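Since the structure comes first, as structure tokens, the remarks are kept for the end.
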Amino acid sequence: MKKLSLSQWLLIGLFLVALFATGFFGFRAIRRAVYWSNHKDEQIKPWMSVRYVAHSYRVPPPVLFQALELEPTPRDKRPLRIIAREQNKPVEILISKLDEAIKRFRQSPRPPPPPATDGGTPP
Amino acid sequence: MSFSDYLLSTLGVYGLPVLFGVLFVGSIGLPMPSSLLLLVAGSFVEQGDMSLWPVLVVSATGAILGDNIGYALGRWGGRRVNNRISRLIGGEARLTRAKNWLKKREGMTIFLTRWLLTPLGPIINITSGLTNYSWPRFLLYDVLGEALWVTLYVLLGKFFSDSVQEMSALLGDFTWMIVALVVVAIIGWKLLSHLRSPTPAKTKTKAHDHLADETP
């Protein structure tokens, strides 16, 4: 058996740390991927624009603009942080208003899908 | 609100200049949410708020310029940078060994640290300058790697445009896993080659046996 020097022991230590880090980040990546595939919604953050939130949550943008008492404009790129500053409200209030509006929209009954136009016979 | 959130919120308002600035500064080595910004830019492209080609060109240009500042610092930063890095990695002899190791694999290292092992990019830029690696070659691998990184992340942002935060966290973990795996491979190879090399004691015994065989 070879006798190891101090620097070699340090190298072994570093090897073990790197091995642990590989396992740690690998496990976290897999856990994130599994979570992501089951929960599509991501947390609303102050950098997001109303249109981004609408796109992310698959909600029509006018529903969210209305919740924030804003005129729905197709090219409004302002992030929630700036809207909150302009309305003189904390951004957390705006985020909770959006959360509620999304929840309400998802719970509301949807209109039936338009009838098929391919000329096929109904079942 | 975090600094990262602040920068992201300015992207929607000011657009390309923010993208350029963050990628430029991030490539020099300051901590910036560059990857997340690229993903968000991809999402904005998908929503029609930004155009694909200007995003790709401006991001790649910012990153390449930042990398070259790092290279220039290493090459022309003089003894101070050399001494600081030498102290950081444990002495002049180790720095020389690291330089020799890098010289053999520099092209591939530069290319891979642009898009796959991104956290190591800034230190490789400085080291490439320190080792006097040919600038046209550095630029070639840098342009190829950054073009791949920017295109990959913007397109990922475009395709997963409704969940860029989750995507960014996943890619972050994946990148650090790859970095750690590379460290495991390098140190493991070093340890294995040390364990396989013959010990002085064994060498002595072998020499003694050889002599004993030769005696009639």
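Naming works like this for the structure tokens: A, B, ... for the chains as they're shown, residue 1 at the start of each chain, ligands 1 onward in shown order.
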Counting only C-alpha atoms, which residues of chain B fall within 8 Å of chain A, and what is the closest atom pair for each with its distance in Å at one decimal, ordered by chain and rising number, as a tab-separated table?
residue	atom	partner	partner_atom	distance
B:Met1	CA	A:Pro46	CA	7.5
B:Asp5	CA	A:Trp47	CA	5.4
B:Tyr6	CA	A:Trp47	CA	6.5
B:Leu7	CA	A:Trp47	CA	8.0
B:Leu8	CA	A:Trp47	CA	5.5
B:Ser9	CA	A:Trp47	CA	3.9
B:Thr10	CA	A:Trp47	CA	7.8
B:Gly12	CA	A:Lys77	CA	5.5
B:Val13	CA	A:Arg78	CA	6.2
B:Asp49	CA	A:Arg75	CA	7.6
B:Ser161	CA	A:Ser56	CA	7.4
B:Asp162	CA	A:Ser56	CA	3.9
B:Ser163	CA	A:Ser56	CA	6.2
B:Gln165	CA	A:Glu42	CA	7.1
B:Glu166	CA	A:Glu42	CA	7.0
B:Ala169	CA	A:Arg32	CA	8.0
B:Leu170	CA	A:Ala29	CA	5.4
B:Leu171	CA	A:Ala29	CA	7.8
B:Asp173	CA	A:Phe25	CA	5.2
B:Phe174	CA	A:Ala29	CA	6.0
B:Trp176	CA	A:Phe25	CA	6.5
B:Met177	CA	A:Thr22	CA	4.8
B:Ile178	CA	A:Thr22	CA	7.3
B:Ala180	CA	A:Thr22	CA	5.2
B:Leu181	CA	A:Thr22	CA	5.7
B:Val183	CA	A:Ala18	CA	6.3
B:Val184	CA	A:Ala18	CA	5.7
B:Ile187	CA	A:Phe15	CA	6.0
B:Gly188	CA	A:Phe15	CA	6.8
B:Leu191	CA	A:Ile12	CA	7.6
B:Leu195	CA	A:Lys2	CA	7.8
B:Thr199	CA	A:Lys2	CA	6.9
Export of prior selection with N, CA and C atoms as an mmCIF file, in the first residue's frame:
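result_17.cif, written as the output of this step:
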data_model
loop_
_atom_site.group_PDB
_atom_site.id
_atom_site.type_symbol
_atom_site.label_atom_id
_atom_site.label_comp_id
_atom_site.auth_asym_id
_atom_site.auth_seq_id
_atom_site.Cartn_x
_atom_site.Cartn_y
_atom_site.Cartn_z
ATOM 1 N N MET B 1 -36.771 42.936 -3.854
ATOM 2 C CA MET B 1 -36.551 42.394 -5.196
ATOM 3 C C MET B 1 -35.058 42.197 -5.445
ATOM 4 N N ASP B 5 -33.843 40.065 -10.652
ATOM 5 C CA ASP B 5 -35.207 40.457 -11.021
ATOM 6 C C ASP B 5 -35.227 41.866 -11.620
ATOM 7 N N TYR B 6 -34.402 42.742 -11.034
ATOM 8 C CA TYR B 6 -34.342 44.128 -11.499
ATOM 9 C C TYR B 6 -33.853 44.177 -12.954
ATOM 10 N N LEU B 7 -32.764 43.426 -13.226
ATOM 11 C CA LEU B 7 -32.213 43.418 -14.582
ATOM 12 C C LEU B 7 -33.222 42.853 -15.574
ATOM 13 N N LEU B 8 -33.897 41.774 -15.157
ATOM 14 C CA LEU B 8 -34.892 41.158 -16.045
ATOM 15 C C LEU B 8 -36.031 42.112 -16.357
ATOM 16 N N SER B 9 -36.421 42.911 -15.347
ATOM 17 C CA SER B 9 -37.535 43.832 -15.574
ATOM 18 C C SER B 9 -37.133 44.949 -16.539
ATOM 19 N N THR B 10 -35.835 45.250 -16.652
ATOM 20 C CA THR B 10 -35.417 46.309 -17.584
ATOM 21 C C THR B 10 -35.352 45.778 -19.028
ATOM 22 N N GLY B 12 -37.586 44.045 -20.738
ATOM 23 C CA GLY B 12 -38.832 44.308 -21.460
ATOM 24 C C GLY B 12 -38.943 45.760 -21.886
ATOM 25 N N VAL B 13 -38.387 46.672 -21.081
ATOM 26 C CA VAL B 13 -38.534 48.108 -21.360
ATOM 27 C C VAL B 13 -37.452 48.601 -22.325
ATOM 28 N N ASP B 49 -42.404 40.346 -29.041
ATOM 29 C CA ASP B 49 -41.916 41.603 -28.474
ATOM 30 C C ASP B 49 -40.486 41.919 -28.921
ATOM 31 N N SER B 161 -41.387 29.087 -23.819
ATOM 32 C CA SER B 161 -41.590 30.509 -23.536
ATOM 33 C C SER B 161 -42.523 30.766 -22.358
ATOM 34 N N ASP B 162 -43.292 29.762 -21.910
ATOM 35 C CA ASP B 162 -44.223 29.998 -20.806
ATOM 36 C C ASP B 162 -43.621 29.619 -19.450
ATOM 37 N N SER B 163 -42.413 29.087 -19.429
ATOM 38 C CA SER B 163 -41.831 28.695 -18.127
ATOM 39 C C SER B 163 -40.316 28.850 -18.128
ATOM 40 N N GLN B 165 -38.398 30.536 -16.131
ATOM 41 C CA GLN B 165 -37.751 30.478 -14.797
ATOM 42 C C GLN B 165 -37.390 29.043 -14.435
ATOM 43 N N GLU B 166 -38.345 28.137 -14.668
ATOM 44 C CA GLU B 166 -38.119 26.715 -14.375
ATOM 45 C C GLU B 166 -37.004 26.172 -15.264
ATOM 46 N N ALA B 169 -33.605 27.360 -14.016
ATOM 47 C CA ALA B 169 -33.161 26.629 -12.818
ATOM 48 C C ALA B 169 -32.683 25.225 -13.191
ATOM 49 N N LEU B 170 -33.393 24.602 -14.096
ATOM 50 C CA LEU B 170 -33.036 23.244 -14.540
ATOM 51 C C LEU B 170 -31.688 23.268 -15.267
ATOM 52 N N LEU B 171 -31.522 24.237 -16.173
ATOM 53 C CA LEU B 171 -30.267 24.331 -16.922
ATOM 54 C C LEU B 171 -29.100 24.670 -15.992
ATOM 55 N N ASP B 173 -28.747 23.817 -12.781
ATOM 56 C CA ASP B 173 -28.362 22.581 -12.084
ATOM 57 C C ASP B 173 -27.608 21.635 -13.016
ATOM 58 N N PHE B 174 -28.094 21.544 -14.247
ATOM 59 C CA PHE B 174 -27.470 20.647 -15.218
ATOM 60 C C PHE B 174 -26.032 21.098 -15.513
ATOM 61 N N TRP B 176 -23.996 22.893 -13.580
ATOM 62 C CA TRP B 176 -23.115 22.648 -12.429
ATOM 63 C C TRP B 176 -22.823 21.162 -12.270
ATOM 64 N N MET B 177 -23.789 20.327 -12.642
ATOM 65 C CA MET B 177 -23.553 18.878 -12.589
ATOM 66 C C MET B 177 -22.444 18.495 -13.581
ATOM 67 N N ILE B 178 -22.487 19.071 -14.776
ATOM 68 C CA ILE B 178 -21.473 18.761 -15.791
ATOM 69 C C ILE B 178 -20.097 19.267 -15.323
ATOM 70 N N ALA B 180 -19.058 19.686 -12.238
ATOM 71 C CA ALA B 180 -18.596 18.794 -11.166
ATOM 72 C C ALA B 180 -18.134 17.453 -11.738
ATOM 73 N N LEU B 181 -18.825 16.982 -12.762
ATOM 74 C CA LEU B 181 -18.473 15.707 -13.399
ATOM 75 C C LEU B 181 -17.098 15.810 -14.080
ATOM 76 N N VAL B 183 -14.695 17.808 -13.140
ATOM 77 C CA VAL B 183 -13.714 17.836 -12.037
ATOM 78 C C VAL B 183 -13.479 16.405 -11.532
ATOM 79 N N VAL B 184 -14.549 15.628 -11.376
ATOM 80 C CA VAL B 184 -14.436 14.226 -10.933
ATOM 81 C C VAL B 184 -13.565 13.444 -11.918
ATOM 82 N N ILE B 187 -9.724 14.708 -11.685
ATOM 83 C CA ILE B 187 -9.057 14.285 -10.434
ATOM 84 C C ILE B 187 -9.000 12.755 -10.367
ATOM 85 N N GLY B 188 -10.075 12.093 -10.790
ATOM 86 C CA GLY B 188 -10.106 10.631 -10.771
ATOM 87 C C GLY B 188 -9.001 10.048 -11.631
ATOM 88 N N LEU B 191 -5.679 10.562 -9.848
ATOM 89 C CA LEU B 191 -5.512 9.630 -8.716
ATOM 90 C C LEU B 191 -5.231 8.214 -9.225
ATOM 91 N N LEU B 195 -2.000 5.832 -8.530
ATOM 92 C CA LEU B 195 -2.089 4.505 -7.886
ATOM 93 C C LEU B 195 -1.503 3.409 -8.768
ATOM 94 N N THR B 199 5.556 1.786 -7.134
ATOM 95 C CA THR B 199 6.115 2.453 -5.950
ATOM 96 C C THR B 199 7.636 2.287 -5.973
#
Mind listing the alpha helix (DSSP H) residues of chain A, per DSSP on the backbone, as a PDB file with N, CA and C atoms, in the first residue's frame?
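And here's result-v9.pdb as it stands now:
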ATOM      1  N   LEU A   6       0.256  14.675   1.806  1.00  0.00           N
ATOM      2  CA  LEU A   6      -0.839  15.580   2.217  1.00  0.00           C
ATOM      3  C   LEU A   6      -1.608  16.094   0.990  1.00  0.00           C
ATOM      4  N   SER A   7      -0.843  16.459  -0.072  1.00  0.00           N
ATOM      5  CA  SER A   7      -1.513  17.000  -1.272  1.00  0.00           C
ATOM      6  C   SER A   7      -2.389  15.934  -1.928  1.00  0.00           C
ATOM      7  N   GLN A   8      -1.962  14.652  -1.822  1.00  0.00           N
ATOM      8  CA  GLN A   8      -2.796  13.588  -2.401  1.00  0.00           C
ATOM      9  C   GLN A   8      -4.069  13.365  -1.584  1.00  0.00           C
ATOM     10  N   TRP A   9      -3.944  13.497  -0.271  1.00  0.00           N
ATOM     11  CA  TRP A   9      -5.149  13.412   0.576  1.00  0.00           C
ATOM     12  C   TRP A   9      -6.115  14.540   0.229  1.00  0.00           C
ATOM     13  N   LEU A  10      -5.538  15.728  -0.011  1.00  0.00           N
ATOM     14  CA  LEU A  10      -6.368  16.882  -0.393  1.00  0.00           C
ATOM     15  C   LEU A  10      -7.078  16.614  -1.715  1.00  0.00           C
ATOM     16  N   LEU A  11      -6.338  15.981  -2.644  1.00  0.00           N
ATOM     17  CA  LEU A  11      -6.899  15.644  -3.945  1.00  0.00           C
ATOM     18  C   LEU A  11      -8.071  14.664  -3.791  1.00  0.00           C
ATOM     19  N   ILE A  12      -7.883  13.688  -2.889  1.00  0.00           N
ATOM     20  CA  ILE A  12      -8.962  12.709  -2.633  1.00  0.00           C
ATOM     21  C   ILE A  12     -10.180  13.442  -2.051  1.00  0.00           C
ATOM     22  N   GLY A  13      -9.905  14.378  -1.133  1.00  0.00           N
ATOM     23  CA  GLY A  13     -10.982  15.174  -0.525  1.00  0.00           C
ATOM     24  C   GLY A  13     -11.752  15.943  -1.582  1.00  0.00           C
ATOM     25  N   LEU A  14     -10.994  16.579  -2.490  1.00  0.00           N
ATOM     26  CA  LEU A  14     -11.598  17.371  -3.566  1.00  0.00           C
ATOM     27  C   LEU A  14     -12.411  16.472  -4.498  1.00  0.00           C
ATOM     28  N   PHE A  15     -11.879  15.282  -4.738  1.00  0.00           N
ATOM     29  CA  PHE A  15     -12.573  14.294  -5.584  1.00  0.00           C
ATOM     30  C   PHE A  15     -13.932  13.937  -4.966  1.00  0.00           C
ATOM     31  N   LEU A  16     -13.927  13.716  -3.647  1.00  0.00           N
ATOM     32  CA  LEU A  16     -15.179  13.343  -2.969  1.00  0.00           C
ATOM     33  C   LEU A  16     -16.180  14.491  -2.985  1.00  0.00           C
ATOM     34  N   VAL A  17     -15.660  15.721  -2.788  1.00  0.00           N
ATOM     35  CA  VAL A  17     -16.548  16.901  -2.823  1.00  0.00           C
ATOM     36  C   VAL A  17     -17.181  17.030  -4.214  1.00  0.00           C
ATOM     37  N   ALA A  18     -16.343  16.861  -5.253  1.00  0.00           N
ATOM     38  CA  ALA A  18     -16.850  16.977  -6.628  1.00  0.00           C
ATOM     39  C   ALA A  18     -17.868  15.867  -6.921  1.00  0.00           C
ATOM     40  N   LEU A  19     -17.594  14.671  -6.388  1.00  0.00           N
ATOM     41  CA  LEU A  19     -18.514  13.545  -6.581  1.00  0.00           C
ATOM     42  C   LEU A  19     -19.865  13.845  -5.923  1.00  0.00           C
ATOM     43  N   PHE A  20     -19.786  14.405  -4.702  1.00  0.00           N
ATOM     44  CA  PHE A  20     -21.008  14.777  -3.985  1.00  0.00           C
ATOM     45  C   PHE A  20     -21.768  15.847  -4.785  1.00  0.00           C
ATOM     46  N   ALA A  21     -21.018  16.856  -5.291  1.00  0.00           N
ATOM     47  CA  ALA A  21     -21.649  17.946  -6.053  1.00  0.00           C
ATOM     48  C   ALA A  21     -22.337  17.394  -7.307  1.00  0.00           C
ATOM     49  N   THR A  22     -21.689  16.414  -7.971  1.00  0.00           N
ATOM     50  CA  THR A  22     -22.293  15.813  -9.168  1.00  0.00           C
ATOM     51  C   THR A  22     -23.642  15.180  -8.813  1.00  0.00           C
ATOM     52  N   GLY A  23     -23.636  14.402  -7.725  1.00  0.00           N
ATOM     53  CA  GLY A  23     -24.869  13.738  -7.290  1.00  0.00           C
ATOM     54  C   GLY A  23     -25.923  14.749  -6.880  1.00  0.00           C
ATOM     55  N   PHE A  24     -25.489  15.778  -6.131  1.00  0.00           N
ATOM     56  CA  PHE A  24     -26.416  16.786  -5.625  1.00  0.00           C
ATOM     57  C   PHE A  24     -27.112  17.525  -6.774  1.00  0.00           C
ATOM     58  N   PHE A  25     -26.308  18.040  -7.716  1.00  0.00           N
ATOM     59  CA  PHE A  25     -26.909  18.812  -8.813  1.00  0.00           C
ATOM     60  C   PHE A  25     -27.690  17.900  -9.763  1.00  0.00           C
ATOM     61  N   GLY A  26     -27.201  16.680  -9.950  1.00  0.00           N
ATOM     62  CA  GLY A  26     -27.920  15.727 -10.798  1.00  0.00           C
ATOM     63  C   GLY A  26     -29.282  15.407 -10.219  1.00  0.00           C
ATOM     64  N   PHE A  27     -29.317  15.137  -8.914  1.00  0.00           N
ATOM     65  CA  PHE A  27     -30.581  14.826  -8.239  1.00  0.00           C
ATOM     66  C   PHE A  27     -31.539  16.019  -8.326  1.00  0.00           C
ATOM     67  N   ARG A  28     -30.974  17.234  -8.080  1.00  0.00           N
ATOM     68  CA  ARG A  28     -31.823  18.430  -8.105  1.00  0.00           C
ATOM     69  C   ARG A  28     -32.411  18.666  -9.496  1.00  0.00           C
ATOM     70  N   ALA A  29     -31.569  18.416 -10.531  1.00  0.00           N
ATOM     71  CA  ALA A  29     -32.038  18.603 -11.915  1.00  0.00           C
ATOM     72  C   ALA A  29     -33.186  17.632 -12.215  1.00  0.00           C
ATOM     73  N   ILE A  30     -33.030  16.377 -11.785  1.00  0.00           N
ATOM     74  CA  ILE A  30     -34.080  15.376 -12.048  1.00  0.00           C
ATOM     75  C   ILE A  30     -35.359  15.757 -11.300  1.00  0.00           C
ATOM     76  N   ARG A  31     -35.181  16.171 -10.015  1.00  0.00           N
ATOM     77  CA  ARG A  31     -36.357  16.552  -9.207  1.00  0.00           C
ATOM     78  C   ARG A  31     -37.104  17.731  -9.838  1.00  0.00           C
ATOM     79  N   ARG A  32     -36.315  18.709 -10.330  1.00  0.00           N
ATOM     80  CA  ARG A  32     -36.928  19.870 -10.989  1.00  0.00           C
ATOM     81  C   ARG A  32     -37.700  19.453 -12.235  1.00  0.00           C
ATOM     82  N   ALA A  33     -37.071  18.566 -13.027  1.00  0.00           N
ATOM     83  CA  ALA A  33     -37.705  18.132 -14.281  1.00  0.00           C
ATOM     84  C   ALA A  33     -39.023  17.407 -13.987  1.00  0.00           C
ATOM     85  N   VAL A  34     -39.009  16.552 -12.942  1.00  0.00           N
ATOM     86  CA  VAL A  34     -40.225  15.812 -12.584  1.00  0.00           C
ATOM     87  C   VAL A  34     -41.299  16.782 -12.098  1.00  0.00           C
ATOM     88  N   TYR A  35     -40.897  17.723 -11.218  1.00  0.00           N
ATOM     89  CA  TYR A  35     -41.840  18.708 -10.680  1.00  0.00           C
ATOM     90  C   TYR A  35     -42.433  19.546 -11.816  1.00  0.00           C
ATOM     91  N   TRP A  36     -41.540  19.953 -12.717  1.00  0.00           N
ATOM     92  CA  TRP A  36     -41.937  20.825 -13.826  1.00  0.00           C
ATOM     93  C   TRP A  36     -42.949  20.139 -14.734  1.00  0.00           C
ATOM     94  N   SER A  37     -42.728  18.818 -14.960  1.00  0.00           N
ATOM     95  CA  SER A  37     -43.650  18.114 -15.855  1.00  0.00           C
ATOM     96  C   SER A  37     -45.046  17.965 -15.223  1.00  0.00           C
ATOM     97  N   ASN A  38     -45.112  18.052 -13.882  1.00  0.00           N
ATOM     98  CA  ASN A  38     -46.422  17.916 -13.211  1.00  0.00           C
ATOM     99  C   ASN A  38     -47.068  19.256 -12.869  1.00  0.00           C
ATOM    100  N   VAL A  50     -47.443  41.861 -17.761  1.00  0.00           N
ATOM    101  CA  VAL A  50     -48.783  41.259 -17.669  1.00  0.00           C
ATOM    102  C   VAL A  50     -48.962  40.248 -18.807  1.00  0.00           C
ATOM    103  N   ARG A  51     -48.430  40.603 -19.969  1.00  0.00           N
ATOM    104  CA  ARG A  51     -48.577  39.704 -21.123  1.00  0.00           C
ATOM    105  C   ARG A  51     -47.781  38.416 -20.923  1.00  0.00           C
ATOM    106  N   TYR A  52     -46.614  38.520 -20.264  1.00  0.00           N
ATOM    107  CA  TYR A  52     -45.845  37.300 -20.002  1.00  0.00           C
ATOM    108  C   TYR A  52     -46.615  36.384 -19.037  1.00  0.00           C
ATOM    109  N   VAL A  53     -47.201  36.973 -17.992  1.00  0.00           N
ATOM    110  CA  VAL A  53     -47.971  36.170 -17.015  1.00  0.00           C
ATOM    111  C   VAL A  53     -49.139  35.493 -17.738  1.00  0.00           C
ATOM    112  N   ALA A  54     -49.823  36.272 -18.605  1.00  0.00           N
ATOM    113  CA  ALA A  54     -50.961  35.715 -19.352  1.00  0.00           C
ATOM    114  C   ALA A  54     -50.507  34.555 -20.233  1.00  0.00           C
ATOM    115  N   HIS A  55     -49.348  34.734 -20.880  1.00  0.00           N
ATOM    116  CA  HIS A  55     -48.802  33.697 -21.761  1.00  0.00           C
ATOM    117  C   HIS A  55     -48.412  32.462 -20.944  1.00  0.00           C
ATOM    118  N   SER A  56     -47.767  32.700 -19.802  1.00  0.00           N
ATOM    119  CA  SER A  56     -47.284  31.602 -18.959  1.00  0.00           C
ATOM    120  C   SER A  56     -48.436  30.788 -18.373  1.00  0.00           C
ATOM    121  N   TYR A  57     -49.502  31.487 -17.959  1.00  0.00           N
ATOM    122  CA  TYR A  57     -50.641  30.802 -17.318  1.00  0.00           C
ATOM    123  C   TYR A  57     -51.754  30.460 -18.302  1.00  0.00           C
ATOM    124  N   PRO A  61     -54.901  37.851 -22.068  1.00  0.00           N
ATOM    125  CA  PRO A  61     -54.318  39.046 -21.430  1.00  0.00           C
ATOM    126  C   PRO A  61     -55.357  40.039 -20.896  1.00  0.00           C
ATOM    127  N   PRO A  62     -56.506  40.292 -21.617  1.00  0.00           N
ATOM    128  CA  PRO A  62     -57.467  41.283 -21.087  1.00  0.00           C
ATOM    129  C   PRO A  62     -57.958  40.940 -19.677  1.00  0.00           C
ATOM    130  N   VAL A  63     -58.040  39.633 -19.357  1.00  0.00           N
ATOM    131  CA  VAL A  63     -58.499  39.216 -18.014  1.00  0.00           C
ATOM    132  C   VAL A  63     -57.546  39.771 -16.948  1.00  0.00           C
ATOM    133  N   LEU A  64     -56.240  39.689 -17.220  1.00  0.00           N
ATOM    134  CA  LEU A  64     -55.255  40.142 -16.220  1.00  0.00           C
ATOM    135  C   LEU A  64     -55.126  41.665 -16.201  1.00  0.00           C
ATOM    136  N   PHE A  65     -55.207  42.297 -17.392  1.00  0.00           N
ATOM    137  CA  PHE A  65     -55.174  43.767 -17.428  1.00  0.00           C
ATOM    138  C   PHE A  65     -56.337  44.333 -16.618  1.00  0.00           C
ATOM    139  N   GLN A  66     -57.498  43.693 -16.784  1.00  0.00           N
ATOM    140  CA  GLN A  66     -58.700  44.130 -16.070  1.00  0.00           C
ATOM    141  C   GLN A  66     -58.492  43.994 -14.553  1.00  0.00           C
ATOM    142  N   ALA A  67     -57.865  42.903 -14.139  1.00  0.00           N
ATOM    143  CA  ALA A  67     -57.635  42.662 -12.704  1.00  0.00           C
ATOM    144  C   ALA A  67     -56.766  43.758 -12.092  1.00  0.00           C
ATOM    145  N   LEU A  80     -44.242  44.213 -13.910  1.00  0.00           N
ATOM    146  CA  LEU A  80     -45.126  44.488 -12.765  1.00  0.00           C
ATOM    147  C   LEU A  80     -44.496  45.500 -11.815  1.00  0.00           C
ATOM    148  N   ARG A  81     -43.151  45.445 -11.693  1.00  0.00           N
ATOM    149  CA  ARG A  81     -42.438  46.373 -10.799  1.00  0.00           C
ATOM    150  C   ARG A  81     -42.757  47.821 -11.155  1.00  0.00           C
ATOM    151  N   ILE A  82     -42.737  48.135 -12.469  1.00  0.00           N
ATOM    152  CA  ILE A  82     -42.974  49.518 -12.908  1.00  0.00           C
ATOM    153  C   ILE A  82     -44.461  49.871 -12.786  1.00  0.00           C
ATOM    154  N   ILE A  83     -45.334  48.917 -13.107  1.00  0.00           N
ATOM    155  CA  ILE A  83     -46.789  49.179 -12.970  1.00  0.00           C
ATOM    156  C   ILE A  83     -47.110  49.489 -11.499  1.00  0.00           C
ATOM    157  N   ALA A  84     -46.491  48.709 -10.588  1.00  0.00           N
ATOM    158  CA  ALA A  84     -46.733  48.917  -9.153  1.00  0.00           C
ATOM    159  C   ALA A  84     -46.264  50.314  -8.725  1.00  0.00           C
ATOM    160  N   ARG A  85     -45.109  50.728  -9.266  1.00  0.00           N
ATOM    161  CA  ARG A  85     -44.583  52.057  -8.920  1.00  0.00           C
ATOM    162  C   ARG A  85     -45.527  53.146  -9.432  1.00  0.00           C
ATOM    163  N   GLU A  86     -46.030  52.949 -10.669  1.00  0.00           N
ATOM    164  CA  GLU A  86     -46.933  53.945 -11.258  1.00  0.00           C
ATOM    165  C   GLU A  86     -48.264  54.014 -10.514  1.00  0.00           C
ATOM    166  N   GLN A  87     -48.711  52.856 -10.004  1.00  0.00           N
ATOM    167  CA  GLN A  87     -49.995  52.830  -9.266  1.00  0.00           C
ATOM    168  C   GLN A  87     -49.789  53.121  -7.778  1.00  0.00           C
ATOM    169  N   VAL A  91     -45.675  45.792  -5.057  1.00  0.00           N
ATOM    170  CA  VAL A  91     -45.793  44.828  -6.161  1.00  0.00           C
ATOM    171  C   VAL A  91     -46.476  43.530  -5.708  1.00  0.00           C
ATOM    172  N   GLU A  92     -46.347  43.213  -4.408  1.00  0.00           N
ATOM    173  CA  GLU A  92     -46.970  41.983  -3.877  1.00  0.00           C
ATOM    174  C   GLU A  92     -48.499  42.029  -4.028  1.00  0.00           C
ATOM    175  N   ILE A  93     -49.064  43.245  -3.892  1.00  0.00           N
ATOM    176  CA  ILE A  93     -50.523  43.401  -4.045  1.00  0.00           C
ATOM    177  C   ILE A  93     -50.928  43.038  -5.475  1.00  0.00           C
ATOM    178  N   LEU A  94     -50.146  43.564  -6.435  1.00  0.00           N
ATOM    179  CA  LEU A  94     -50.449  43.287  -7.847  1.00  0.00           C
ATOM    180  C   LEU A  94     -50.354  41.795  -8.129  1.00  0.00           C
ATOM    181  N   ILE A  95     -49.319  41.158  -7.564  1.00  0.00           N
ATOM    182  CA  ILE A  95     -49.128  39.712  -7.798  1.00  0.00           C
ATOM    183  C   ILE A  95     -50.308  38.926  -7.223  1.00  0.00           C
ATOM    184  N   SER A  96     -50.758  39.319  -6.025  1.00  0.00           N
ATOM    185  CA  SER A  96     -51.887  38.561  -5.446  1.00  0.00           C
ATOM    186  C   SER A  96     -53.172  38.809  -6.242  1.00  0.00           C
ATOM    187  N   LYS A  97     -53.336  40.025  -6.803  1.00  0.00           N
ATOM    188  CA  LYS A  97     -54.509  40.302  -7.658  1.00  0.00           C
ATOM    189  C   LYS A  97     -54.469  39.417  -8.907  1.00  0.00           C
ATOM    190  N   LEU A  98     -53.286  39.260  -9.477  1.00  0.00           N
ATOM    191  CA  LEU A  98     -53.157  38.422 -10.671  1.00  0.00           C
ATOM    192  C   LEU A  98     -53.444  36.964 -10.332  1.00  0.00           C
ATOM    193  N   ASP A  99     -52.895  36.520  -9.184  1.00  0.00           N
ATOM    194  CA  ASP A  99     -53.133  35.131  -8.746  1.00  0.00           C
ATOM    195  C   ASP A  99     -54.628  34.858  -8.615  1.00  0.00           C
ATOM    196  N   GLU A 100     -55.321  35.808  -7.985  1.00  0.00           N
ATOM    197  CA  GLU A 100     -56.775  35.644  -7.787  1.00  0.00           C
ATOM    198  C   GLU A 100     -57.513  35.618  -9.127  1.00  0.00           C
ATOM    199  N   ALA A 101     -57.122  36.542 -10.037  1.00  0.00           N
ATOM    200  CA  ALA A 101     -57.793  36.614 -11.340  1.00  0.00           C
ATOM    201  C   ALA A 101     -57.590  35.311 -12.115  1.00  0.00           C
ATOM    202  N   ILE A 102     -56.384  34.753 -12.037  1.00  0.00           N
ATOM    203  CA  ILE A 102     -56.091  33.491 -12.746  1.00  0.00           C
ATOM    204  C   ILE A 102     -56.956  32.367 -12.164  1.00  0.00           C
ATOM    205  N   LYS A 103     -57.018  32.337 -10.820  1.00  0.00           N
ATOM    206  CA  LYS A 103     -57.811  31.307 -10.137  1.00  0.00           C
ATOM    207  C   LYS A 103     -59.280  31.414 -10.555  1.00  0.00           C
ATOM    208  N   ARG A 104     -59.810  32.651 -10.533  1.00  0.00           N
ATOM    209  CA  ARG A 104     -61.214  32.886 -10.907  1.00  0.00           C
ATOM    210  C   ARG A 104     -61.471  32.447 -12.350  1.00  0.00           C
ATOM    211  N   PHE A 105     -60.524  32.811 -13.237  1.00  0.00           N
ATOM    212  CA  PHE A 105     -60.695  32.466 -14.660  1.00  0.00           C
ATOM    213  C   PHE A 105     -60.729  30.953 -14.845  1.00  0.00           C
ATOM    214  N   ARG A 106     -59.860  30.254 -14.117  1.00  0.00           N
ATOM    215  CA  ARG A 106     -59.785  28.793 -14.280  1.00  0.00           C
ATOM    216  C   ARG A 106     -61.008  28.091 -13.688  1.00  0.00           C
ATOM    217  N   GLN A 107     -61.602  28.725 -12.667  1.00  0.00           N
ATOM    218  CA  GLN A 107     -62.786  28.099 -12.037  1.00  0.00           C
ATOM    219  C   GLN A 107     -64.067  28.404 -12.788  1.00  0.00           C
TER     220      GLN A 107
END
**Prompt:** Neighbours of stretch 18-33 of chain B within 10 Å (only C-alpha atoms; same-chain residues fewer than 2 positions away dropped), as an NGL selection string?
**Reply:** :B and (3-5 or 7-8 or 10-16 or 35-38 or 41 or 55-71 or 73 or 114 or 118-123 or 125-126 or 150 or 168)
**Item:** One-decimal distance in Å that lies between atom CA of B:Gly107 and atom CA of B:Ser128
**Value:**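 Separating atom CA of B:Ser128 from atom CA of B:Gly107 is a distance of 9.6 Å.
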**Asked** What gap, in Å, lies between atom CA of B:Thr109 and atom CA of B:Ile186?
**Response**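 One can read the atom CA of B:Thr109 to atom CA of B:Ile186 distance as 13.2 Å.
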**Message:** Quick check, in Å to one decimal: how far apart do atom CA of B:Ala93 and atom CA of B:Val81 lie?
**Reply:**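 Separation between atom CA of B:Ala93 and atom CA of B:Val81: 15.7 Å.
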